[in-house]
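Visitor: The structure file model_11.cif (mmCIF, C-alpha atoms (C1' of nucleotides)) is provided below.
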data_protein
loop_
_atom_site.group_PDB
_atom_site.id
_atom_site.type_symbol
_atom_site.label_atom_id
_atom_site.label_comp_id
_atom_site.auth_asym_id
_atom_site.auth_seq_id
_atom_site.Cartn_x
_atom_site.Cartn_y
_atom_site.Cartn_z
ATOM 1 C CA MET A 1 33.714 -15.863 -46.488
ATOM 2 C CA PRO A 2 35.231 -18.173 -44.446
ATOM 3 C CA GLU A 3 35.858 -21.305 -46.445
ATOM 4 C CA LEU A 4 36.809 -24.641 -44.912
ATOM 5 C CA PRO A 5 40.224 -23.573 -43.484
ATOM 6 C CA GLU A 6 38.806 -20.408 -41.897
ATOM 7 C CA VAL A 7 35.865 -22.233 -40.314
ATOM 8 C CA GLU A 8 38.240 -24.954 -39.108
ATOM 9 C CA THR A 9 40.439 -22.275 -37.501
ATOM 10 C CA VAL A 10 37.461 -20.658 -35.766
ATOM 11 C CA LYS A 11 36.334 -24.084 -34.575
ATOM 12 C CA ASN A 12 39.737 -24.866 -33.086
ATOM 13 C CA GLY A 13 39.781 -21.514 -31.298
ATOM 14 C CA LEU A 14 36.286 -21.976 -29.890
ATOM 15 C CA LEU A 15 37.185 -25.475 -28.699
ATOM 16 C CA ARG A 16 39.894 -23.938 -26.554
ATOM 17 C CA LEU A 17 37.849 -20.931 -25.460
ATOM 18 C CA ILE A 18 34.195 -21.768 -24.850
ATOM 19 C CA VAL A 19 33.902 -25.463 -23.931
ATOM 20 C CA ASP A 20 32.470 -25.806 -20.394
ATOM 21 C CA ARG A 21 31.244 -22.221 -20.333
ATOM 22 C CA LYS A 22 27.619 -21.678 -19.385
ATOM 23 C CA ALA A 23 25.436 -19.229 -21.328
ATOM 24 C CA VAL A 24 23.506 -16.803 -19.137
ATOM 25 C CA ARG A 25 22.300 -14.076 -21.510
ATOM 26 C CA ILE A 26 21.779 -13.343 -25.169
ATOM 27 C CA ASN A 27 21.258 -10.173 -27.171
ATOM 28 C CA SER A 28 20.077 -10.442 -30.734
ATOM 29 C CA ASP A 29 18.556 -7.611 -32.704
ATOM 30 C CA ASN A 30 18.023 -9.397 -35.956
ATOM 31 C CA HIS A 31 15.515 -12.132 -36.731
ATOM 32 C CA LYS A 32 17.379 -13.325 -39.779
ATOM 33 C CA SER A 33 20.695 -13.667 -37.966
ATOM 34 C CA PHE A 34 19.136 -15.641 -35.132
ATOM 35 C CA PRO A 35 15.576 -16.648 -35.961
ATOM 36 C CA ASN A 36 14.737 -18.808 -32.941
ATOM 37 C CA SER A 37 11.817 -17.922 -30.701
ATOM 38 C CA ARG A 38 12.329 -16.561 -27.206
ATOM 39 C CA PRO A 39 10.960 -19.700 -25.493
ATOM 40 C CA ASP A 40 13.458 -21.876 -27.409
ATOM 41 C CA VAL A 41 16.287 -19.578 -26.397
ATOM 42 C CA ASP A 42 15.195 -19.506 -22.741
ATOM 43 C CA ASN A 43 14.726 -23.256 -22.541
ATOM 44 C CA PHE A 44 17.690 -24.558 -24.489
ATOM 45 C CA LEU A 45 20.383 -21.876 -24.645
ATOM 46 C CA ILE A 46 20.166 -19.898 -21.409
ATOM 47 C CA GLY A 47 21.632 -22.027 -18.618
ATOM 48 C CA ALA A 48 23.189 -24.535 -21.037
ATOM 49 C CA LYS A 49 26.883 -25.364 -21.095
ATOM 50 C CA VAL A 50 28.974 -25.699 -24.243
ATOM 51 C CA ILE A 51 30.093 -29.312 -24.528
ATOM 52 C CA ASN A 52 31.663 -29.456 -27.997
ATOM 53 C CA VAL A 53 32.390 -27.447 -31.143
ATOM 54 C CA ARG A 54 32.341 -29.123 -34.560
ATOM 55 C CA ARG A 55 32.643 -28.216 -38.223
ATOM 56 C CA ARG A 56 31.035 -29.727 -41.322
ATOM 57 C CA ALA A 57 31.899 -28.082 -44.654
ATOM 58 C CA LYS A 58 31.697 -24.321 -43.921
ATOM 59 C CA VAL A 59 29.194 -24.800 -41.101
ATOM 60 C CA LEU A 60 30.024 -24.523 -37.392
ATOM 61 C CA MET A 61 28.167 -26.426 -34.712
ATOM 62 C CA ILE A 62 28.268 -25.605 -31.024
ATOM 63 C CA ASP A 63 26.800 -28.512 -29.016
ATOM 64 C CA LEU A 64 25.090 -27.612 -25.747
ATOM 65 C CA SER A 65 24.345 -29.612 -22.613
ATOM 66 C CA SER A 66 20.616 -29.047 -23.317
ATOM 67 C CA LYS A 67 20.996 -31.448 -26.259
ATOM 68 C CA TYR A 68 20.542 -28.503 -28.598
ATOM 69 C CA THR A 69 23.151 -27.253 -31.047
ATOM 70 C CA LEU A 70 23.878 -23.785 -32.359
ATOM 71 C CA VAL A 71 24.306 -24.267 -36.104
ATOM 72 C CA ILE A 72 26.158 -21.322 -37.632
ATOM 73 C CA HIS A 73 26.958 -20.238 -41.184
ATOM 74 C CA LEU A 74 29.278 -17.243 -41.526
ATOM 75 C CA LYS A 75 28.639 -16.789 -45.277
ATOM 76 C CA MET A 76 30.769 -13.909 -46.685
ATOM 77 C CA THR A 77 31.556 -11.623 -43.769
ATOM 78 C CA GLY A 78 30.580 -13.470 -40.588
ATOM 79 C CA GLN A 79 32.852 -13.492 -37.542
ATOM 80 C CA LEU A 80 32.645 -15.358 -34.252
ATOM 81 C CA VAL A 81 34.826 -13.642 -31.709
ATOM 82 C CA PHE A 82 35.283 -14.576 -28.048
ATOM 83 C CA THR A 83 36.326 -12.075 -25.404
ATOM 84 C CA LEU A 84 37.069 -12.584 -21.736
ATOM 85 C CA THR A 85 35.704 -9.251 -20.578
ATOM 86 C CA SER A 86 32.786 -7.164 -21.751
ATOM 87 C CA GLU A 87 34.796 -3.985 -22.354
ATOM 88 C CA VAL A 88 36.973 -5.009 -25.231
ATOM 89 C CA ARG A 89 39.768 -3.348 -27.113
ATOM 90 C CA PHE A 90 41.746 -5.276 -29.696
ATOM 91 C CA GLY A 91 45.010 -4.679 -31.406
ATOM 92 C CA GLY A 92 46.804 -2.701 -28.704
ATOM 93 C CA GLY A 93 49.955 -4.802 -28.670
ATOM 94 C CA HIS A 94 49.694 -6.303 -32.122
ATOM 95 C CA PRO A 95 47.811 -3.890 -34.360
ATOM 96 C CA THR A 96 48.494 -5.839 -37.543
ATOM 97 C CA ASP A 97 47.084 -9.052 -36.064
ATOM 98 C CA SER A 98 43.584 -7.747 -35.569
ATOM 99 C CA LEU A 99 40.897 -6.061 -37.624
ATOM 100 C CA ILE A 100 38.631 -5.386 -34.695
ATOM 101 C CA LYS A 101 38.992 -2.317 -32.517
ATOM 102 C CA ASN A 102 36.353 -2.939 -29.909
ATOM 103 C CA LEU A 103 33.204 -4.964 -29.384
ATOM 104 C CA PRO A 104 30.319 -4.857 -29.814
ATOM 105 C CA ASP A 105 30.601 -2.863 -33.038
ATOM 106 C CA LYS A 106 28.067 -1.907 -35.690
ATOM 107 C CA SER A 107 28.275 -5.327 -37.364
ATOM 108 C CA THR A 108 27.441 -7.218 -34.156
ATOM 109 C CA ARG A 109 24.251 -9.261 -34.697
ATOM 110 C CA VAL A 110 24.254 -11.604 -31.716
ATOM 111 C CA GLU A 111 26.004 -11.471 -28.355
ATOM 112 C CA ILE A 112 26.067 -14.444 -25.984
ATOM 113 C CA GLU A 113 27.260 -13.842 -22.440
ATOM 114 C CA PHE A 114 28.681 -16.609 -20.284
ATOM 115 C CA GLU A 115 28.521 -17.002 -16.515
ATOM 116 C CA ASP A 116 31.948 -15.456 -15.909
ATOM 117 C CA GLY A 117 31.168 -12.354 -17.997
ATOM 118 C CA SER A 118 33.038 -13.573 -21.073
ATOM 119 C CA LYS A 119 31.208 -13.158 -24.366
ATOM 120 C CA LEU A 120 30.843 -14.629 -27.805
ATOM 121 C CA TYR A 121 30.060 -12.082 -30.540
ATOM 122 C CA PHE A 122 28.532 -12.980 -33.881
ATOM 123 C CA ASN A 123 29.383 -10.108 -36.226
ATOM 124 C CA ASP A 124 28.309 -9.948 -39.838
ATOM 125 C CA GLN A 125 28.647 -6.836 -41.946
ATOM 126 C CA ARG A 126 26.576 -8.113 -44.879
ATOM 127 C CA LYS A 127 23.939 -9.997 -42.843
ATOM 128 C CA PHE A 128 24.066 -13.084 -45.057
ATOM 129 C CA GLY A 129 25.148 -15.298 -42.177
ATOM 130 C CA TRP A 130 22.869 -16.933 -39.636
ATOM 131 C CA MET A 131 22.797 -19.019 -36.491
ATOM 132 C CA LYS A 132 20.020 -21.375 -35.485
ATOM 133 C CA LEU A 133 19.289 -23.421 -32.380
ATOM 134 C CA VAL A 134 18.448 -26.993 -33.396
ATOM 135 C CA PRO A 135 18.033 -30.252 -31.423
ATOM 136 C CA THR A 136 21.429 -31.961 -31.685
ATOM 137 C CA ILE A 137 19.996 -35.194 -33.075
ATOM 138 C CA GLU A 138 18.244 -33.265 -35.851
ATOM 139 C CA VAL A 139 21.344 -31.450 -37.125
ATOM 140 C CA GLU A 140 22.359 -34.189 -39.527
ATOM 141 C CA ASP A 141 18.821 -34.273 -40.925
ATOM 142 C CA MET A 142 18.886 -30.599 -41.914
ATOM 143 C CA ASP A 143 18.332 -30.420 -45.645
ATOM 144 C CA PHE A 144 21.489 -28.618 -46.642
ATOM 145 C CA ILE A 145 23.629 -30.797 -44.347
ATOM 146 C CA LYS A 146 22.270 -33.969 -45.903
ATOM 147 C CA LYS A 147 23.111 -32.755 -49.403
ATOM 148 C CA LEU A 148 26.753 -31.852 -48.643
ATOM 149 C CA GLY A 149 29.514 -33.695 -50.457
ATOM 150 C CA PRO A 150 32.403 -35.379 -48.608
ATOM 151 C CA GLU A 151 34.996 -33.571 -46.510
ATOM 152 C CA PRO A 152 38.041 -33.165 -48.766
ATOM 153 C CA LEU A 153 40.491 -33.597 -45.875
ATOM 154 C CA SER A 154 38.955 -36.722 -44.367
ATOM 155 C CA LEU A 155 41.450 -39.567 -44.185
ATOM 156 C CA ASP A 156 39.364 -42.054 -46.143
ATOM 157 C CA PHE A 157 38.594 -39.670 -49.010
ATOM 158 C CA THR A 158 40.405 -40.996 -52.089
ATOM 159 C CA PRO A 159 41.284 -39.470 -55.494
ATOM 160 C CA LYS A 160 38.993 -42.045 -57.031
ATOM 161 C CA GLN A 161 35.998 -40.854 -54.980
ATOM 162 C CA PHE A 162 36.934 -37.272 -55.824
ATOM 163 C CA ALA A 163 36.856 -38.020 -59.569
ATOM 164 C CA GLU A 164 33.613 -40.017 -59.159
ATOM 165 C CA ARG A 165 31.852 -37.068 -57.510
ATOM 166 C CA PHE A 166 32.528 -34.787 -60.478
ATOM 167 C CA LYS A 167 30.820 -37.082 -62.968
ATOM 168 C CA ARG A 168 27.426 -35.683 -61.988
ATOM 169 C CA ARG A 169 28.575 -32.219 -63.125
ATOM 170 C CA SER A 170 30.417 -33.193 -66.293
ATOM 171 C CA ASN A 171 28.782 -30.490 -68.413
ATOM 172 C CA THR A 172 29.698 -27.489 -66.296
ATOM 173 C CA THR A 173 33.031 -25.779 -65.656
ATOM 174 C CA ILE A 174 35.484 -27.263 -63.169
ATOM 175 C CA LYS A 175 35.369 -24.064 -61.127
ATOM 176 C CA ALA A 176 31.562 -24.194 -60.772
ATOM 177 C CA ALA A 177 31.821 -27.864 -59.792
ATOM 178 C CA LEU A 178 34.523 -27.179 -57.187
ATOM 179 C CA LEU A 179 32.340 -24.468 -55.640
ATOM 180 C CA ASP A 180 29.302 -26.778 -55.570
ATOM 181 C CA GLN A 181 29.016 -27.910 -51.943
ATOM 182 C CA THR A 182 27.079 -31.030 -52.928
ATOM 183 C CA VAL A 183 30.064 -32.264 -54.966
ATOM 184 C CA ILE A 184 32.865 -31.524 -52.459
ATOM 185 C CA ALA A 185 32.302 -29.695 -49.191
ATOM 186 C CA GLY A 186 34.208 -26.617 -48.095
ATOM 187 C CA VAL A 187 35.880 -25.232 -51.233
ATOM 188 C CA GLY A 188 35.222 -21.544 -51.927
ATOM 189 C CA ASN A 189 36.545 -18.934 -54.320
ATOM 190 C CA ILE A 190 40.040 -18.572 -52.843
ATOM 191 C CA TYR A 191 40.947 -22.254 -52.668
ATOM 192 C CA ALA A 192 39.254 -23.046 -55.989
ATOM 193 C CA ASP A 193 41.597 -20.586 -57.742
ATOM 194 C CA GLU A 194 44.627 -21.651 -55.734
ATOM 195 C CA SER A 195 44.147 -25.367 -56.354
ATOM 196 C CA LEU A 196 43.334 -24.955 -60.077
ATOM 197 C CA TRP A 197 46.570 -23.010 -60.488
ATOM 198 C CA GLY A 198 48.395 -25.778 -58.606
ATOM 199 C CA ALA A 199 46.995 -28.366 -61.003
ATOM 200 C CA LYS A 200 47.537 -26.112 -64.063
ATOM 201 C CA ILE A 201 43.871 -26.407 -65.048
ATOM 202 C CA HIS A 202 41.902 -23.555 -66.615
ATOM 203 C CA PRO A 203 38.854 -22.854 -64.383
ATOM 204 C CA ALA A 204 36.503 -22.784 -67.396
ATOM 205 C CA THR A 205 37.473 -26.296 -68.514
ATOM 206 C CA ARG A 206 34.433 -28.517 -68.947
ATOM 207 C CA VAL A 207 34.518 -31.151 -66.193
ATOM 208 C CA GLY A 208 33.877 -33.922 -68.721
ATOM 209 C CA ASP A 209 37.012 -32.909 -70.630
ATOM 210 C CA LEU A 210 39.317 -33.561 -67.676
ATOM 211 C CA SER A 211 41.298 -36.812 -67.550
ATOM 212 C CA TYR A 212 41.602 -38.927 -64.424
ATOM 213 C CA PRO A 213 45.262 -37.885 -63.913
ATOM 214 C CA GLU A 214 44.193 -34.234 -64.076
ATOM 215 C CA LEU A 215 41.426 -34.773 -61.508
ATOM 216 C CA LYS A 216 43.796 -36.742 -59.328
ATOM 217 C CA LEU A 217 46.259 -33.873 -59.369
ATOM 218 C CA LEU A 218 43.470 -31.405 -58.565
ATOM 219 C CA TYR A 219 42.495 -33.607 -55.618
ATOM 220 C CA SER A 220 46.054 -33.322 -54.236
ATOM 221 C CA GLU A 221 46.138 -29.565 -54.798
ATOM 222 C CA VAL A 222 42.810 -29.005 -53.021
ATOM 223 C CA ARG A 223 44.107 -30.910 -50.015
ATOM 224 C CA TYR A 224 47.478 -29.182 -50.169
ATOM 225 C CA VAL A 225 46.116 -25.613 -50.177
ATOM 226 C CA MET A 226 43.548 -26.356 -47.497
ATOM 227 C CA ASN A 227 46.060 -28.019 -45.194
ATOM 228 C CA LEU A 228 48.538 -25.194 -45.724
ATOM 229 C CA SER A 229 45.850 -22.610 -45.031
ATOM 230 C CA ILE A 230 44.745 -24.304 -41.807
ATOM 231 C CA GLU A 231 48.398 -24.231 -40.743
ATOM 232 C CA LYS A 232 48.483 -20.462 -41.480
ATOM 233 C CA GLY A 233 45.207 -19.755 -39.669
ATOM 234 C CA GLY A 234 43.171 -19.218 -42.854
ATOM 235 C CA SER A 235 42.962 -16.294 -45.289
ATOM 236 C CA THR A 236 42.061 -12.748 -44.402
ATOM 237 C CA ASN A 237 40.948 -11.263 -47.693
ATOM 238 C CA ARG A 238 38.863 -8.549 -46.040
ATOM 239 C CA ASN A 239 36.879 -9.346 -42.901
ATOM 240 C CA TYR A 240 37.868 -12.761 -41.697
ATOM 241 C CA VAL A 241 39.230 -13.128 -38.168
ATOM 242 C CA ASP A 242 39.554 -16.158 -35.898
ATOM 243 C CA ALA A 243 37.868 -16.707 -32.527
ATOM 244 C CA GLU A 244 40.345 -14.322 -30.870
ATOM 245 C CA GLY A 245 39.865 -11.589 -33.474
ATOM 246 C CA LYS A 246 43.154 -12.336 -35.261
ATOM 247 C CA LYS A 247 43.740 -12.346 -39.015
ATOM 248 C CA GLY A 248 44.823 -15.421 -40.975
ATOM 249 C CA LYS A 249 48.141 -15.491 -42.847
ATOM 250 C CA TYR A 250 47.426 -17.644 -45.905
ATOM 251 C CA MET A 251 47.218 -14.615 -48.211
ATOM 252 C CA ASP A 252 50.985 -14.204 -47.693
ATOM 253 C CA PHE A 253 51.355 -17.603 -49.365
ATOM 254 C CA ALA A 254 48.688 -17.261 -52.076
ATOM 255 C CA ARG A 255 49.998 -17.770 -55.607
ATOM 256 C CA VAL A 256 47.171 -16.339 -57.753
ATOM 257 C CA PHE A 257 44.237 -15.222 -55.633
ATOM 258 C CA ARG A 258 44.106 -11.398 -55.783
ATOM 259 C CA LYS A 259 47.542 -11.399 -57.461
ATOM 260 C CA GLU A 260 46.424 -9.960 -60.805
ATOM 261 C CA GLY A 261 49.220 -7.937 -62.385
ATOM 262 C CA GLN A 262 51.878 -9.844 -60.452
ATOM 263 C CA PRO A 263 54.126 -12.573 -61.876
ATOM 264 C CA CYS A 264 53.153 -16.232 -61.767
ATOM 265 C CA PRO A 265 55.440 -17.812 -59.145
ATOM 266 C CA ARG A 266 56.250 -20.674 -61.539
ATOM 267 C CA CYS A 267 56.768 -19.010 -64.915
ATOM 268 C CA GLY A 268 56.721 -15.244 -64.348
ATOM 269 C CA THR A 269 53.794 -14.576 -66.686
ATOM 270 C CA GLU A 270 51.485 -11.856 -65.425
ATOM 271 C CA ILE A 271 48.515 -13.207 -63.482
ATOM 272 C CA ILE A 272 45.179 -12.078 -64.888
ATOM 273 C CA LYS A 273 41.697 -11.847 -63.459
ATOM 274 C CA ILE A 274 38.769 -13.217 -65.426
ATOM 275 C CA ARG A 275 35.175 -14.188 -64.671
ATOM 276 C CA VAL A 276 34.146 -17.840 -64.411
ATOM 277 C CA ALA A 277 30.970 -19.261 -62.854
ATOM 278 C CA GLY A 278 29.974 -15.693 -62.048
ATOM 279 C CA ARG A 279 32.971 -15.225 -59.773
ATOM 280 C CA GLY A 280 36.194 -13.262 -59.992
ATOM 281 C CA THR A 281 38.819 -15.825 -61.024
ATOM 282 C CA HIS A 282 42.609 -15.594 -61.032
ATOM 283 C CA ILE A 283 44.822 -17.546 -63.411
ATOM 284 C CA CYS A 284 48.217 -17.747 -65.057
ATOM 285 C CA PRO A 285 47.195 -17.365 -68.725
ATOM 286 C CA LYS A 286 50.254 -19.268 -69.940
ATOM 287 C CA GLU A 287 49.993 -22.350 -67.731
ATOM 288 C CA GLN A 288 46.219 -22.596 -67.402
ATOM 289 C CA LYS A 289 44.908 -23.000 -70.925
ATOM 290 C CA LEU A 290 41.546 -24.340 -72.019
ATOM 291 C CA SER A 291 42.143 -27.926 -73.045
ATOM 292 C CA LYS A 292 41.629 -28.524 -76.719
ATOM 293 C CA PRO A 293 38.560 -30.476 -77.797
ATOM 294 C CA LYS A 294 39.355 -34.182 -77.996
ATOM 295 C CA ILE A 295 39.381 -35.967 -81.354
ATOM 296 C "C1'" DC B 1 17.035 -32.805 -64.553
ATOM 297 C "C1'" DA B 2 21.356 -29.709 -65.334
ATOM 298 C "C1'" DC B 3 22.874 -25.372 -65.464
ATOM 299 C "C1'" DT B 4 23.047 -20.139 -65.072
ATOM 300 C "C1'" DT B 5 21.719 -15.831 -63.178
ATOM 301 C "C1'" DG B 6 20.024 -12.569 -59.894
ATOM 302 C "C1'" DA B 7 19.002 -11.573 -55.124
ATOM 303 C "C1'" DC B 8 20.204 -11.178 -50.488
ATOM 304 C "C1'" DC B 9 23.171 -6.825 -47.665
ATOM 305 C "C1'" DT B 10 26.783 -3.341 -46.436
ATOM 306 C "C1'" DG B 11 31.062 -1.321 -47.369
ATOM 307 C "C1'" DT B 12 34.901 -0.008 -50.193
ATOM 308 C "C1'" DC B 13 37.318 1.225 -54.103
ATOM 309 C "C1'" DC B 14 37.862 3.246 -58.652
ATOM 310 C "C1'" DG B 15 36.875 6.391 -62.393
ATOM 311 C "C1'" DC B 16 34.729 10.611 -63.699
ATOM 312 C "C1'" DT C 1 35.030 15.736 -52.331
ATOM 313 C "C1'" DG C 2 31.087 13.602 -54.326
ATOM 314 C "C1'" DC C 3 28.582 10.299 -56.885
ATOM 315 C "C1'" DG C 4 27.594 6.049 -59.539
ATOM 316 C "C1'" DG C 5 28.797 1.511 -60.478
ATOM 317 C "C1'" DA C 6 31.268 -2.657 -59.889
ATOM 318 C "C1'" DC C 7 32.689 -5.773 -56.796
ATOM 319 C "C1'" DA C 8 33.485 -8.690 -52.309
ATOM 320 C "C1'" DG C 9 35.216 -15.147 -48.833
ATOM 321 C "C1'" DG C 10 28.374 -17.935 -50.180
ATOM 322 C "C1'" DT C 11 24.334 -19.830 -50.952
ATOM 323 C "C1'" DC C 12 19.387 -19.870 -52.655
ATOM 324 C "C1'" DA C 13 15.291 -19.346 -55.519
ATOM 325 C "C1'" DA C 14 13.906 -18.624 -59.889
ATOM 326 C "C1'" DG C 15 14.769 -18.705 -64.651
ATOM 327 C "C1'" DT C 16 16.189 -21.118 -69.246
#
Translate this file's structure into structure tokens.
Guide:
Amino acid sequence: MPELPEVETVKNGLLRLIVDRKAVRINSDNHKSFPNSRPDVDNFLIGAKVINVRRRAKVLMIDLSSKYTLVIHLKMTGQLVFTLTSEVRFGGGHPTDSLIKNLPDKSTRVEIEFEDGSKLYFNDQRKFGWMKLVPTIEVEDMDFIKKLGPEPLSLDFTPKQFAERFKRRSNTTIKAALLDQTVIAGVGNIYADESLWGAKIHPATRVGDLSYPELKLLYSEVRYVMNLSIEKGGSTNRNYVDAEGKKGKYMDFARVFRKEGQPCPRCGTEIIKIRVAGRGTHICPKEQKLSKPKI
DNA sequence: CACTTGACCTGTCCGC
DNA sequence: TGCGGACAGGTCAAGT
């Protein structure tokens, strides 16, 4: 799914596209995708204006004038796509920029119509994603929000804090710890592999075996790949598109993710794919070795 | 408590 | 061309 850079890109698009628009209608066929009751929807979504769009970790928040917030998790295959008109065809002029042909399509779970006829579609092929209408002041009290680790790109987040956070997971692998949203928020499978390659750390290294300089380097690499990806509009591995239905371009810059069989950009060794923390994991086998046990 | 594994879904790709 | 199995950007609950 959308990891931090993809959700950030969607957020930036929605900020431009839906702020000040007033919701007038909603279609939702799926209780899991949008579990709120009809009275809640009628009272706090219909007739409300969008006043802000925010992101925390991989979660999107659309604040409404009703003092309610749409909290949205895209999970693996979720998309939030805005269109100006109800009859939509994508990709006419720029076929390679878009994955979506027309909307709604068979993955559409929720459709919100605004006063001027424009629409916001929540599509999700695998149905893992969800959106929920929550009083704005209660958002930060939601259980999973409270447990989230710090934002890796926040200006006051230091290498020291980064290293500190990993101490609580010293017995697991660095990849599992990076993916743990309560340690650091927003890292997923793509940027875990990309940043571990950048820091020349084997993903199966025990966290407790990493030195401070190694963790400090990993900190820089996490921030580097995420900032670069935001600049490129995120990664489209399969389904991801931004708020206008366009693909992200980070995969053109990826060094190891889904590059198995291709040469390592630093040393030319063939990239291999292994399994770590239950996830497909891409490494340069020459530069990312398991650190030897310390004496 | 810390950690790992399977489940949640649909679609696609790969080997037979 | 068809069919079975593995796998896919993420979390959770349940297991050890």
Visitor: Could you please tell me, as a VMD selection string, which residues of chain A have an atom within 12 Å of chain C when using all atoms listed in the file?
Guide: chain A and resid 1 to 7 58 to 59 73 to 79 125 to 130 144 179 to 182 186 to 192 234 to 241 257 to 258 275 278 to 280
Visitor: Taking all atoms listed in the file into account, what are the residues of chain B at most 8 Å from chain A, put as a list in words?
Guide: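 The answer, sorted by residue number, is DA2, DC3, DC8, DC9 and DT10 of chain B.
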Visitor: How far is it from CA of Ala177 in chain A to CA of Ser154 in chain A, in Å with one decimal?
Guide: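 Straight-line distance from CA of Ala177 in chain A to CA of Ser154 in chain A works out to 19.2 Å.
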Visitor: Which distance in Å separates CA of Asn227 in chain A and CA of Lys101 in chain A, to one decimal?
Guide: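 For CA of Asn227 in chain A relative to CA of Lys101 in chain A, the distance reads 29.5 Å.
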Visitor: Any idea what the distance is between CA of Asn27 in chain A and CA of Ile112 in chain A?
Guide: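 Calculated distance between CA of Asn27 in chain A and CA of Ile112 in chain A is 6.5 Å.
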Visitor: Mind filling out range 4-22 of chain A with N, CA and C atoms and sending it as a tab-separated table (two decimals), in the frame of the given file?
Guide:
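result02.tsv was written with the following content:
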chain	number	residue	atom	x	y	z
A	4	LEU	N	36.50	-23.57	-45.87
A	4	LEU	CA	36.81	-24.64	-44.91
A	4	LEU	C	37.95	-24.30	-43.94
A	5	PRO	N	39.11	-23.82	-44.42
A	5	PRO	CA	40.22	-23.57	-43.48
A	5	PRO	C	39.92	-22.49	-42.45
A	6	GLU	N	39.15	-21.48	-42.84
A	6	GLU	CA	38.81	-20.41	-41.90
A	6	GLU	C	37.84	-20.94	-40.83
A	7	VAL	N	36.83	-21.70	-41.28
A	7	VAL	CA	35.86	-22.23	-40.31
A	7	VAL	C	36.56	-23.24	-39.38
A	8	GLU	N	37.47	-24.01	-39.93
A	8	GLU	CA	38.24	-24.95	-39.11
A	8	GLU	C	39.05	-24.19	-38.05
A	9	THR	N	39.64	-23.08	-38.44
A	9	THR	CA	40.44	-22.28	-37.50
A	9	THR	C	39.56	-21.69	-36.39
A	10	VAL	N	38.39	-21.19	-36.77
A	10	VAL	CA	37.46	-20.66	-35.77
A	10	VAL	C	37.05	-21.78	-34.82
A	11	LYS	N	36.74	-22.94	-35.39
A	11	LYS	CA	36.33	-24.08	-34.58
A	11	LYS	C	37.41	-24.44	-33.55
A	12	ASN	N	38.65	-24.51	-34.00
A	12	ASN	CA	39.74	-24.87	-33.09
A	12	ASN	C	39.88	-23.83	-31.97
A	13	GLY	N	39.71	-22.56	-32.31
A	13	GLY	CA	39.78	-21.51	-31.30
A	13	GLY	C	38.65	-21.65	-30.29
A	14	LEU	N	37.44	-21.87	-30.80
A	14	LEU	CA	36.29	-21.98	-29.89
A	14	LEU	C	36.41	-23.21	-28.99
A	15	LEU	N	36.99	-24.27	-29.53
A	15	LEU	CA	37.18	-25.48	-28.70
A	15	LEU	C	38.03	-25.15	-27.48
A	16	ARG	N	39.04	-24.33	-27.68
A	16	ARG	CA	39.89	-23.94	-26.55
A	16	ARG	C	39.20	-22.95	-25.63
A	17	LEU	N	38.32	-22.09	-26.21
A	17	LEU	CA	37.85	-20.93	-25.46
A	17	LEU	C	36.48	-21.07	-24.80
A	18	ILE	N	35.56	-21.82	-25.41
A	18	ILE	CA	34.20	-21.77	-24.85
A	18	ILE	C	33.66	-23.09	-24.29
A	19	VAL	N	34.39	-24.20	-24.48
A	19	VAL	CA	33.90	-25.46	-23.93
A	19	VAL	C	33.84	-25.37	-22.41
A	20	ASP	N	32.74	-25.85	-21.84
A	20	ASP	CA	32.47	-25.81	-20.39
A	20	ASP	C	31.91	-24.47	-19.91
A	21	ARG	N	31.85	-23.49	-20.77
A	21	ARG	CA	31.24	-22.22	-20.33
A	21	ARG	C	29.73	-22.31	-20.42
A	22	LYS	N	29.08	-21.63	-19.49
A	22	LYS	CA	27.62	-21.68	-19.39
A	22	LYS	C	27.02	-20.35	-19.85
